[in-house]
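Enquirer: Dropping in model_30.cif, with mmCIF, C-alpha atoms.
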```
data_entry
loop_
_atom_site.label_atom_id
_atom_site.label_comp_id
_atom_site.auth_asym_id
_atom_site.auth_seq_id
_atom_site.Cartn_x
_atom_site.Cartn_y
_atom_site.Cartn_z
CA MET A 1 21.46 118.91 229.85
CA PHE A 2 22.06 115.90 227.62
CA TYR A 3 20.84 112.37 228.24
CA LYS A 4 23.42 109.70 227.40
CA ARG A 5 23.26 105.91 227.43
CA PHE A 6 25.39 103.91 229.85
CA GLY A 7 27.70 101.57 227.97
CA GLN A 8 27.16 98.42 230.00
CA VAL A 9 23.47 98.06 229.15
CA LYS A 10 22.68 94.95 227.09
CA VAL A 11 19.75 94.80 224.70
CA LYS A 12 17.71 91.59 224.55
CA LYS A 13 14.76 90.62 222.39
CA VAL A 14 11.73 89.27 224.27
CA GLY A 15 9.27 88.06 221.64
CA LYS A 16 8.49 91.12 219.52
CA ASN A 17 9.65 93.49 222.25
CA THR A 18 12.98 94.66 223.60
CA ALA A 19 14.38 94.48 227.10
CA LEU A 20 17.39 96.19 228.64
CA TYR A 21 19.63 94.34 231.04
CA VAL A 22 21.95 96.02 233.52
CA SER A 23 24.30 93.48 235.07
CA LYS A 24 25.33 95.53 238.11
CA GLN A 25 21.65 95.98 239.01
CA LYS A 26 20.75 92.36 238.29
CA GLY A 27 17.70 93.85 236.60
CA ILE A 28 15.98 93.58 233.25
CA HIS A 29 13.41 96.02 231.89
CA VAL A 30 10.97 95.30 229.08
CA LEU A 31 10.37 98.48 227.07
CA ASN A 32 7.09 99.71 225.68
CA GLU A 33 6.97 101.27 222.24
CA THR A 34 7.67 104.81 223.44
CA ALA A 35 10.50 103.77 225.76
CA LEU A 36 12.08 101.76 222.94
CA PHE A 37 11.92 104.77 220.65
CA ILE A 38 13.64 106.94 223.27
CA TRP A 39 16.28 104.26 223.90
CA GLU A 40 17.04 103.87 220.20
CA THR A 41 17.13 107.62 219.70
CA LEU A 42 19.65 107.94 222.51
CA GLN A 43 22.32 106.28 220.38
CA GLU A 44 23.42 109.91 220.37
CA PRO A 45 23.05 112.28 223.33
CA PHE A 46 20.00 114.56 223.22
CA THR A 47 18.32 117.07 225.49
CA PHE A 48 14.79 116.65 226.86
CA ASP A 49 13.37 119.15 224.38
CA GLU A 50 15.09 117.50 221.45
CA LEU A 51 13.72 114.12 222.49
CA LEU A 52 10.25 115.58 222.92
CA TYR A 53 10.39 117.08 219.45
CA MET A 54 11.43 113.75 217.90
CA LEU A 55 8.76 111.94 219.85
CA SER A 56 6.07 114.32 218.57
CA GLU A 57 7.30 113.80 215.00
CA VAL A 58 6.80 110.04 215.26
CA PHE A 59 3.85 109.58 217.62
CA ASP A 60 0.42 111.20 217.56
CA GLY A 61 -1.24 112.38 220.72
CA ASP A 62 -1.68 115.10 223.25
CA SER A 63 1.55 117.06 223.68
CA ALA A 64 1.15 117.50 227.44
CA LYS A 65 0.68 113.73 227.85
CA MET A 66 3.68 113.08 225.61
CA LYS A 67 5.82 115.37 227.75
CA GLU A 68 4.62 113.60 230.86
CA ASP A 69 5.43 110.18 229.32
CA LEU A 70 8.91 111.30 228.26
CA ASP A 71 9.57 112.71 231.70
CA GLU A 72 8.52 109.43 233.30
CA ILE A 73 10.56 107.28 230.91
CA LEU A 74 13.73 109.33 231.39
CA ASP A 75 13.18 109.24 235.14
CA LEU A 76 13.04 105.44 235.00
CA PHE A 77 16.06 105.26 232.68
CA LEU A 78 18.02 107.37 235.18
CA ARG A 79 16.80 105.39 238.20
CA TYR A 80 17.78 102.05 236.65
CA ASP A 81 21.18 103.32 235.42
CA LEU A 82 20.27 102.94 231.78
CA VAL A 83 21.20 106.58 231.03
CA TYR A 84 22.97 109.45 232.73
CA THR A 85 22.95 113.19 232.26
CA GLU A 86 25.73 115.51 231.22
CA THR A 87 25.68 119.27 231.02
CA MET B 1 15.95 52.06 261.33
CA LYS B 2 15.56 51.88 257.57
CA THR B 3 17.44 53.78 254.89
CA PHE B 4 15.74 55.01 251.73
CA PHE B 5 17.55 56.35 248.70
CA LEU B 6 15.68 59.29 247.20
CA SER B 7 16.39 60.28 243.63
CA PHE B 8 15.65 63.76 242.26
CA PRO B 9 16.91 65.61 239.19
CA ARG B 10 20.68 66.05 239.72
CA LEU B 11 20.26 65.14 243.40
CA ASN B 12 20.40 61.92 245.40
CA ILE B 13 19.70 61.78 249.12
CA SER B 14 19.79 59.01 251.67
CA LEU B 15 17.10 59.16 254.33
CA THR B 16 17.33 56.98 257.42
CA VAL B 17 14.20 56.81 259.53
CA PRO B 18 12.90 54.94 262.58
CA ILE B 19 10.61 51.97 261.98
CA GLU B 20 7.45 53.67 263.26
CA ILE B 21 7.40 56.28 260.46
CA ILE B 22 8.47 54.07 257.55
CA ALA B 23 4.95 53.95 256.11
CA ASP B 24 4.52 57.74 256.32
CA ILE B 25 7.88 58.34 254.64
CA GLN B 26 7.07 55.84 251.91
CA ALA B 27 3.74 57.55 251.27
CA ALA B 28 5.29 61.02 251.19
CA PHE B 29 8.25 60.19 248.93
CA LEU B 30 6.84 57.20 247.07
CA TYR B 31 7.84 58.37 243.59
CA SER B 32 11.33 59.47 244.61
CA ILE B 33 12.37 56.29 246.40
CA SER B 34 14.94 54.56 244.25
CA PRO B 35 16.30 51.03 244.52
CA ASP B 36 19.52 52.30 242.97
CA THR B 37 22.21 53.60 245.34
CA ASN B 38 24.38 54.95 242.52
CA PRO B 39 25.44 57.69 242.27
CA PRO B 40 26.11 57.91 246.01
CA PRO B 41 23.91 60.35 247.94
CA ARG B 42 25.00 63.96 248.02
CA HIS B 43 23.36 64.44 251.42
CA GLU B 44 22.57 62.13 254.29
CA TYR B 45 19.36 62.81 256.18
CA VAL B 46 18.71 60.98 259.44
CA ILE B 47 15.53 61.06 261.51
CA GLU B 48 15.82 60.01 265.16
CA SER B 49 12.97 59.23 267.54
CA THR B 50 13.03 61.24 270.76
CA SER B 51 10.76 61.39 273.80
CA ASN B 52 9.15 64.56 272.33
CA GLY B 53 8.94 63.47 268.71
CA PHE B 54 11.69 63.50 266.11
CA ASN B 55 15.10 65.02 265.49
CA PHE B 56 16.07 65.81 261.90
CA LEU B 57 19.78 65.66 261.13
CA LYS B 58 21.22 66.69 257.78
CA ASP B 59 24.80 65.61 257.13
CA SER B 60 25.18 64.96 260.89
CA GLN B 61 23.97 68.47 261.83
CA LEU B 62 20.78 68.83 263.87
CA THR B 63 18.43 70.74 261.58
CA GLY B 64 15.16 70.61 263.47
CA GLN B 65 13.02 69.00 266.16
CA PHE B 66 9.40 68.08 265.46
CA GLY B 67 6.49 66.98 267.60
CA SER B 68 4.61 65.19 264.85
CA CYS B 69 5.43 63.10 261.83
CA LEU B 70 3.45 65.45 259.54
CA ASP B 71 5.44 68.50 260.68
CA LEU B 72 8.62 66.51 260.11
CA ILE B 73 7.57 65.47 256.60
CA CYS B 74 6.61 69.04 255.67
CA ARG B 75 10.03 70.24 256.85
CA LEU B 76 11.78 67.42 254.98
CA GLU B 77 9.92 68.35 251.79
CA GLU B 78 10.90 71.99 252.23
CA ASP B 79 14.54 71.12 252.86
CA ILE B 80 14.70 68.82 249.85
CA GLU B 81 13.14 71.55 247.69
CA ASN B 82 15.73 74.09 248.83
CA THR B 83 18.55 71.61 248.30
CA LEU B 84 17.24 70.69 244.86
CA ILE B 85 17.05 74.35 243.82
CA ARG B 86 20.73 74.73 244.67
CA THR B 87 21.78 71.59 242.82
CA ILE B 88 19.96 72.09 239.51
CA GLY B 89 22.83 74.34 238.39
CA ASP B 90 22.11 76.29 235.24
CA TRP B 91 18.60 74.93 234.78
CA VAL B 92 15.64 77.15 235.60
CA GLY B 93 13.70 76.27 238.74
CA PHE B 94 10.11 77.47 238.51
CA HIS B 95 7.78 77.65 241.48
CA ALA B 96 5.22 75.57 239.63
CA GLY B 97 3.27 72.38 239.27
CA VAL B 98 3.36 70.32 236.08
CA VAL B 99 1.15 67.77 234.37
CA MET B 100 1.71 65.93 231.13
CA ILE B 101 -0.67 66.73 228.30
CA GLY B 102 -0.08 63.85 225.95
CA ASP B 103 3.66 63.69 225.33
CA THR B 104 4.33 67.31 226.33
CA THR B 105 3.94 69.27 229.54
CA CYS B 106 1.80 72.04 230.92
CA VAL B 107 3.74 74.08 233.50
CA ILE B 108 1.56 75.88 236.05
CA PRO B 109 3.57 78.59 237.85
CA GLY B 110 2.28 81.02 240.42
CA ASN B 111 2.47 82.58 243.82
CA PRO B 112 0.66 81.01 246.76
CA ASN B 113 -3.17 81.28 246.64
CA THR B 114 -3.38 81.91 242.90
CA GLY B 115 -4.68 78.42 242.15
CA LYS B 116 -1.41 76.75 241.12
CA THR B 117 -1.80 73.56 243.14
CA THR B 118 -5.55 73.33 242.62
CA THR B 119 -5.04 73.62 238.84
CA THR B 120 -2.48 70.82 238.97
CA PHE B 121 -4.85 68.76 241.14
CA ASN B 122 -7.78 69.29 238.76
CA LEU B 123 -5.74 68.36 235.70
CA VAL B 124 -4.58 65.15 237.38
CA GLU B 125 -8.17 64.37 238.34
CA MET B 126 -9.15 65.01 234.70
CA GLY B 127 -6.85 62.15 233.77
CA HIS B 128 -3.54 63.86 233.00
CA ILE B 129 -0.28 62.45 234.30
CA PHE B 130 1.39 64.27 237.16
CA LEU B 131 5.03 65.37 236.86
CA CYS B 132 6.01 68.10 239.37
CA GLU B 133 4.85 69.99 242.42
CA GLU B 134 6.35 73.14 244.00
CA VAL B 135 9.68 72.95 242.16
CA THR B 136 9.84 72.50 238.40
CA PRO B 137 13.33 72.06 236.96
CA VAL B 138 13.54 73.05 233.26
CA ASP B 139 16.61 72.71 231.06
CA PRO B 140 16.50 75.91 228.95
CA GLU B 141 18.65 74.34 226.23
CA THR B 142 16.41 71.35 225.55
CA PHE B 143 13.14 72.69 227.08
CA LEU B 144 12.84 69.39 228.95
CA VAL B 145 10.93 69.45 232.24
CA TYR B 146 12.35 67.07 234.86
CA PRO B 147 10.07 65.18 237.24
CA TYR B 148 9.70 66.28 240.84
CA PRO B 149 6.49 64.48 241.80
CA GLN B 150 5.88 65.37 245.41
CA VAL B 151 2.61 65.05 247.29
CA LEU B 152 0.27 68.01 246.68
CA THR B 153 -0.80 70.02 249.71
CA LEU B 154 -4.25 71.60 249.37
CA GLU B 155 -6.50 73.54 251.72
CA GLY B 156 -8.76 71.15 253.61
CA THR B 157 -11.87 73.23 252.90
CA TYR B 158 -11.09 73.25 249.17
CA ALA B 159 -10.62 69.47 249.17
CA GLU B 160 -13.94 69.01 251.01
CA LYS B 161 -15.73 71.20 248.49
CA TYR B 162 -14.09 69.40 245.57
CA ARG B 163 -15.13 66.03 246.97
CA SER B 164 -18.72 67.20 247.31
CA LEU B 165 -18.81 68.09 243.62
CA TYR B 166 -16.66 65.48 241.87
CA PRO B 167 -15.39 61.97 242.60
CA VAL B 168 -11.69 61.76 243.47
CA GLN B 169 -10.54 59.03 241.15
CA ASN B 170 -6.96 59.55 240.03
CA GLY B 171 -5.19 59.82 243.36
CA GLU B 172 -5.46 59.38 247.09
CA LEU B 173 -6.89 62.42 248.88
CA LYS B 174 -6.51 62.66 252.63
CA ILE B 175 -8.21 65.59 254.34
CA LEU B 176 -6.39 66.18 257.62
CA ASP B 177 -8.33 69.23 258.81
CA SER B 178 -9.86 72.43 257.42
CA GLN B 179 -6.36 73.80 256.77
CA MET B 180 -4.70 70.89 255.09
CA ALA B 181 -5.31 68.02 252.72
CA ARG B 182 -2.69 65.88 251.03
CA TYR B 183 -3.15 64.40 247.56
CA ARG B 184 -0.98 61.69 246.04
CA PRO B 185 -1.66 61.09 242.34
CA TYR B 186 -1.61 57.53 241.06
CA ALA B 187 -0.15 58.25 237.62
CA VAL B 188 3.27 59.91 237.69
CA GLY B 189 5.78 60.58 234.92
CA SER B 190 9.29 59.38 235.57
CA ASP B 191 11.18 60.82 232.58
CA PRO B 192 11.89 64.35 231.37
CA VAL B 193 9.15 65.67 229.06
CA PRO B 194 9.24 68.66 226.65
CA LEU B 195 7.63 71.87 227.79
CA LYS B 196 4.78 73.10 225.59
CA ILE B 197 2.31 75.15 227.60
CA ILE B 198 2.64 77.59 230.49
CA LEU B 199 -0.67 78.11 232.25
CA MET B 200 -0.79 80.99 234.73
CA PRO B 201 -3.77 80.67 237.06
CA ALA B 202 -5.44 83.74 238.51
CA TYR B 203 -8.22 83.10 241.01
CA ASP B 204 -10.52 85.92 242.03
CA THR B 205 -14.15 85.49 243.03
CA SER B 206 -15.06 88.87 241.54
CA GLN B 207 -13.63 88.32 238.06
CA LYS B 208 -15.20 86.94 234.89
CA PRO B 209 -13.73 83.54 234.06
CA GLY B 210 -11.80 83.19 230.82
CA ILE B 211 -8.66 82.10 229.03
CA GLU B 212 -6.28 84.76 227.74
CA GLU B 213 -3.35 83.99 225.46
CA LEU B 214 -0.23 85.91 226.47
CA THR B 215 2.79 87.04 224.47
CA PRO B 216 6.36 86.58 225.77
CA ASP B 217 6.91 90.29 226.35
CA ARG B 218 3.72 90.54 228.44
CA VAL B 219 4.56 87.59 230.61
CA PHE B 220 8.33 87.65 230.83
CA THR B 221 8.83 89.73 233.97
CA GLU B 222 5.95 87.99 235.76
CA LEU B 223 7.41 84.60 234.92
CA LEU B 224 10.80 85.72 236.24
CA GLY B 225 9.05 86.33 239.56
CA TYR B 226 8.10 82.64 239.69
CA CYS B 227 11.72 81.49 239.31
CA PHE B 228 13.84 80.45 242.24
CA PRO B 229 17.04 82.49 242.60
CA PRO B 230 19.61 81.34 240.05
CA ASN B 231 22.75 79.45 241.00
CA GLY B 232 24.73 81.22 238.32
CA ASP B 233 24.51 84.76 237.02
CA ASP B 234 21.23 86.58 236.57
CA GLU B 235 21.80 87.20 232.89
CA HIS B 236 21.78 83.45 232.25
CA LEU B 237 18.44 83.20 234.07
CA PHE B 238 17.00 86.10 232.05
CA ASP B 239 18.18 84.58 228.76
CA SER B 240 16.82 81.18 229.77
CA VAL B 241 13.40 82.55 230.72
CA ILE B 242 13.26 84.54 227.47
CA ARG B 243 13.97 81.33 225.53
CA ILE B 244 11.33 79.44 227.48
CA CYS B 245 8.75 82.23 227.00
CA GLU B 246 9.38 82.29 223.27
CA ALA B 247 9.15 78.52 222.93
CA ALA B 248 5.98 77.99 224.98
CA GLU B 249 2.31 78.69 224.42
CA ILE B 250 1.28 80.83 227.38
CA PHE B 251 -2.20 81.34 228.78
CA ARG B 252 -3.73 83.08 231.77
CA LEU B 253 -6.54 81.09 233.34
CA ARG B 254 -8.96 83.46 235.06
CA THR B 255 -11.28 81.59 237.38
CA ASN B 256 -13.77 82.56 240.06
CA SER B 257 -14.88 79.16 241.33
CA LEU B 258 -14.01 75.49 241.34
CA GLN B 259 -16.54 74.82 238.59
CA SER B 260 -15.23 77.63 236.37
CA MET B 261 -11.70 76.22 236.65
CA ARG B 262 -12.91 72.79 235.68
CA GLY B 263 -14.85 74.19 232.70
CA LEU B 264 -11.93 76.25 231.39
CA LEU B 265 -9.46 73.38 231.76
CA ASN B 266 -11.84 71.23 229.72
CA GLU B 267 -12.05 73.98 227.11
CA LEU B 268 -8.28 74.28 226.92
CA PHE B 269 -7.31 70.64 226.96
CA GLY B 270 -10.35 68.99 225.43
CA PRO B 271 -12.30 66.01 226.67
CA ASN B 272 -10.98 64.04 229.60
CA PRO B 273 -8.79 61.08 228.92
CA GLU B 274 -9.99 57.89 230.55
CA PRO B 275 -9.53 57.93 234.34
CA TYR B 276 -6.36 56.22 235.44
CA GLU B 277 -6.99 52.81 236.95
CA PRO B 278 -4.63 52.43 239.90
CA LEU B 279 -2.98 49.07 240.32
CA ASN B 280 -2.87 49.40 244.11
CA PRO B 281 -5.44 52.00 245.13
#
```
Could you write out this structure as structure tokens?
Expert:
Amino acid sequence: MFYKRFGQVKVKKVGKNTALYVSKQKGIHVLNETALFIWETLQEPFTFDELLYMLSEVFDGDSAKMKEDLDEILDLFLRYDLVYTET
Amino acid sequence: MKTFFLSFPRLNISLTVPIEIIADIQAAFLYSISPDTNPPPRHEYVIESTSNGFNFLKDSQLTGQFGSCLDLICRLEEDIENTLIRTIGDWVGFHAGVVMIGDTTCVIPGNPNTGKTTTTFNLVEMGHIFLCEEVTPVDPETFLVYPYPQVLTLEGTYAEKYRSLYPVQNGELKILDSQMARYRPYAVGSDPVPLKIILMPAYDTSQKPGIEELTPDRVFTELLGYCFPPNGDDEHLFDSVIRICEAAEIFRLRTNSLQSMRGLLNELFGPNPEPYEPLNP
């Protein structure tokens, strides 16, 4: 299952951070460092395992916690219509 | 009956009231009463005396009936706030108080019971000039804050405690009961003033007092929560608040008592200016 970005999401800079705006939701989401990495990586579709591998290449930390974080971030991305899945 | 012309940012209102409440209306809207009738009022408010109190008509429609003049004034203030929020167009309307710090402003946004109005009150009593209460219109292109100097409503018990600790010298404080006190500052700005500081009060008796500088990304979503719903599209509001966050110096003021608030405000804004000497106290 691949995660893909929705096209209508707009990227906005908020100070040194990045926020994503979805007009149909009237919502804006400020990303933390990990979420920004995932968002930028998803310029191309990737699976969960591929994303987890890339995350572990860039960030240090406990792998179980990293998996948990990725799971949570993708869950939020899906809930707020920032990404969708395709098999 | 007497008709007042009230002038607010992008909004003019005519208010016709019976003779017996003229003084109360003048006291409540003192800084908004304008001698100028141009441009013509966008809305016409009329207050009628009845056997039970007062009727409030807005543009000839009965909007409410009130047993006391204070209830009527509170409802008028609320209605004017709501009308103002709709007429400020593409400006940002913050739920905030504002004082002038020199030739710039300190905007104090917050939810009820966070210390927003008491912070504004303390800064005025420390000698700073009052600019807005409840609604703060900001032009996100120029960063100018437009005056909306309404009477401050405080808790009566807070006002009593304040008065036992410090003299009230820069405004008129009326304590009505334990629930409510009304404070009308003597020194009020009448022109738009550039925004410089956003001060976000957080009152909690169990916390350690302190000042924390905040970055735009940390404060952005919280600050959005203090905005009134936009008249245009949400994206414009988001972009405007981002611009404002990036342009302002932002601090969280953590207080646990009246004295700690006073101390931290002194730390942040330096020694008090000279107390304002009212011409007609």
Enquirer: With only C-alpha atoms considered, list every residue of chain A at most 12 Å from chain B, as a list in words.
Expert: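 Per the criterion, chain A yields Val9, Lys10, Val11, Lys12, Lys13, Val14, Gly15, Lys16, Asn17, Thr18, Ala19, Leu20, Tyr21, Val22, Ser23, Lys24, Gln25, Lys26, Gly27, Ile28, His29, Val30, Leu31, Asn32 and Glu33 of chain A.
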Enquirer: Given the PyMOL selection byres ((chain A and resi 43) around 12) and the file above, list the residues it selects as a PyMOL selection string.
Expert: chain A and resi 3-7+36-42+44-46+51+83
Enquirer: Applying the PyMOL selection byres ((chain B and resi 31) around 9) to the file I just gave you, which residues come out? Please list them as an MDAnalysis selection string.
Expert: chainID B and resid 6:7 26:30 32:34 148:150 188 190
Enquirer: Taking all atoms listed in the file into account, which of B:Asp191, B:Glu134, B:Glu48, B:Glu125 comes nearest B:Tyr166?
Expert: B:Glu125
Enquirer: Run the PyMOL selection byres ((chain B and resi 43) around 7) against the file shown and list the residues it catches, as a list of chain:residue names.
Expert: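 On the file shown, the PyMOL selection byres ((chain B and resi 43) around 7) covers B:Ile13, B:Ser14, B:Pro41, B:Arg42, B:Glu44, B:Tyr45, B:Asp59.
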Enquirer: List every protein, DNA or RNA residue with an atom no more than 8 Å from (-11.5, 65.9, 241.0) in the file's coordinates, counting all atoms listed in the file, and format the result as a list in words.
Expert: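 Applying the cut-off with all atoms listed in the file, one gets Phe121, Asn122, Val124, Glu125, Met126, Tyr162, Arg163, Tyr166, Pro167, Val168, Gln169 and Asn170 of chain B.
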